[in-house]
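Chemist: Please see the structure below; I have some questions.
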Amino acid sequence: MKKIFAIAMLAILPLGAMAQVEENAENGIVSLNGNEGFTVKSPRGDFTFKPYGLIQSAVNFNYYDDEGLDKAYNQDNIANSGFSIPYAIMGFQGKAFNKVTFNLAINAAGSGGALLQQAWFDVKLNDGLAVKIGKMKTPFQHGFLTTLGETLMPQVPTSMTASVILPHSLNAVTPKFMTGWDLGVEIHGVLAQKWGYDLGLWNGTGAGQNGASKTLSDDWHIPSLLYAGRLAYMPKGIMPTTQGNPNRLNEDKWMLAASSSINVESESESTNDFRAGLEFAMLYKRWYIGAEAYYMNVGFTKRQKINETYNFWGGYLQAGYFVAPQVQLAARYDFMDRNSSTKDGMLNMPAVGVNYFFRGCNLKLQAMYQYIGRTGHATQLDRDNDDLGIAKHSATVMLQYTF
């Protein structure tokens with residue numbers, strides 16, 4: 001039944017959606033709105049080449065509860081703190097013959113396969129249909145599809161990135177809601193400037209691998225890939241992929257989107273993970289408002305000999321307001337049913353922040369604080385286990401430069 005439901009969900013997405021994407025912001029990392037900078041064009045205009053970059057430098061503070069710490073090994077409540085470079089990306093994008101768009105970006109702050117942030121070709125077949133091939137963003141979650149350098153806070157919602165907790169000792173099985181960057185192929189486009197769609201296949205292994213490593217599913221007898229689609233409705237035109245930009249203080253756009261995916265034999269071929277999500281985003285003058293809810297069902301493959309399936313929920317509501325042309329205040333309420341619906345208890349993760357945009361030099365200063373709260377757990381042990389690995393108090397101050 002779950003397999004039939006997943007296929008049906010994908011079928012109703014005519015082609016799916018990276019629908020927010022505008023032509024001048026399609027690299028997914030740096031918005032070029034009002035910032036064309038250095039661009040090379042051929043005399044006839046049939047070839048363009050634009051280098052871009054994003055550098056982030058941050059100072060982090062994280063305080064962890066006593067549970068999970070072993071004082072015998074001198075483990076401290078304050079950990080994973082100090083200075084960091086979240087991203088140091090150099091890339092280029094361009095267009096050839098008004099038909100092929102190309103993009104490549106290297107993240108020097110990454111390691112292994114994650115050094116290659118993205119690399120793809122996008123071939124335009126007509127005004128409403130294009131085919132993209134390579135390493136790209138998978139079509140799930142407004143918080144992830146937002147241009148990387150234009151997120152409301154320096155840290156995306158924890159419910160997107162934290163691994164869920166399963167009642168089995170399988171170290172290789174740590175699914176999370178966010179599917180992230182991946183290798184694959186998609187068909188996508190925007191119809192009537194209102195309907196954005198995307199449908200595609202990806203490896204399902206995430207950003208850390210750049211090779212072909214998948215097989216056929218023993219249970220379902222189909223390729224063990226990530227099958228994903230997304231459909232977005234934008235009644236006032238294409239929704240910009242930003243959560244705050246001082247160059248966009250007169251916008252009046254909103255978007256409603258739905259997405260679903262099935263990752264076949266994911267998590268070291270141990271589980272089949274079904275995901276679904278709903279998104280809302282709005283830009284109205286100085287306001288930005290975003291809200292998401294997402295669901296994941298984790299079912300084990302037959303070889304694991306575990307008959308139970310587990311359901312997880314998460315989501316957030318966040319808003320930003322420019323109190324001055326260069327100052328944006330931000331607030332977010334994030335929640336997550338991390339230990340599955342089989343156990344009581346939720347994580348509540350409120351956060352506040354402020355962003356300052358330096359005039360005329362592409363510098364942005366961001367600061368945020370987040371608190372992890374726990375509620376509704378049946379026992380103290382469940383309460384202690386639910387936030388393992390997540391800081392109870394966390395603060396980040398980040399300076400970002402883009403070009």
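Ligands are numbered from 1 in the order shown, chains are lettered A, B, ... in the order of the structure tokens, and residues start at 1 in each chain.
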Residues near Met296 of chain A, anyone? I mean within 6 Å using only C-alpha atoms, not counting same-chain ones fewer than 3 positions away, as a ChimeraX atom specification.

Modeler: /A:274-275,311-312

Chemist: Assign secondary structure with DSSP using the backbone only, and return the residues of segment 137-300 of chain A in strand (DSSP E) as number ranges by chain.

Modeler: A: 137, 181-191, 195-202, 226-233, 252-265, 271-284, 287-300

Chemist: Based on DSSP run over this structure's backbone, return all residues of segment 238-290 of chain A in helix (DSSP H, G or I), as a PyMOL selection string.

Modeler: chain A and resi 266-269

Chemist: Report as a list in words all protein, DNA and RNA residues lying within 9 Å of Asn210 of chain A, evaluated on only C-alpha atoms, omitting residues in the same chain fewer than 2 positions from it.

Modeler: Gly113, Ala114, Leu116, Lys135, Asp182, Leu183, Thr205, Gly206, Ala207, Gly208 and Ala212 of chain A

Chemist: So that I can see what lies close to Trp195 of chain A, please list as a PyMOL selection string the residues with an atom at most 10 Å from it, counting only C-alpha atoms and leaving out residues fewer than 2 positions away in the same chain.

Modeler: chain A and resi 16-17+19-20+128+189-193+197+231-235+237-238+255-257

Chemist: What's the 10 Å shell around Arg338 of chain A, counting only C-alpha atoms, without same-chain residues fewer than 6 positions away, as a PDB file with C-alpha atoms, in the first residue's frame?

Modeler:
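Okay, this is what ended up in around_21.pdb:
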```pdb
ATOM      1  CA  SER A 159      14.055  19.574  12.182  1.00  0.00           C
ATOM      2  CA  ALA A 162      18.701  16.293  12.698  1.00  0.00           C
ATOM      3  CA  SER A 163      18.696  12.505  12.321  1.00  0.00           C
ATOM      4  CA  VAL A 164      15.580  10.772  13.604  1.00  0.00           C
ATOM      5  CA  ILE A 165      15.771   8.213  16.422  1.00  0.00           C
ATOM      6  CA  LEU A 166      14.910   4.581  15.661  1.00  0.00           C
ATOM      7  CA  LYS A 176      16.735  12.813   8.270  1.00  0.00           C
ATOM      8  CA  ASN A 311       6.406   7.687  11.202  1.00  0.00           C
ATOM      9  CA  PHE A 312       8.064  11.047  11.877  1.00  0.00           C
ATOM     10  CA  TRP A 313       6.786  14.634  11.649  1.00  0.00           C
ATOM     11  CA  GLY A 314       8.440  17.996  11.617  1.00  0.00           C
ATOM     12  CA  ASP A 344       5.201  10.325  23.160  1.00  0.00           C
ATOM     13  CA  GLY A 345       7.192  13.531  23.126  1.00  0.00           C
ATOM     14  CA  MET A 346       8.187  16.389  20.838  1.00  0.00           C
ATOM     15  CA  LEU A 347      11.109  18.747  20.433  1.00  0.00           C
ATOM     16  CA  ASP A 386      15.154  12.667  22.487  1.00  0.00           C
ATOM     17  CA  ASP A 387      17.632  15.535  22.184  1.00  0.00           C
TER      18      ASP A 387
END
```

Chemist: For Leu201 of chain A, find every residue with an atom within 7 Å (counting only C-alpha atoms), except residues of its own chain fewer than 2 positions away, and show them as a list in words.

Modeler: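 Within the cut-off, the hits are Gly184, Val185, Glu186, Leu225, Leu226, Tyr227 and Ala228 of chain A.
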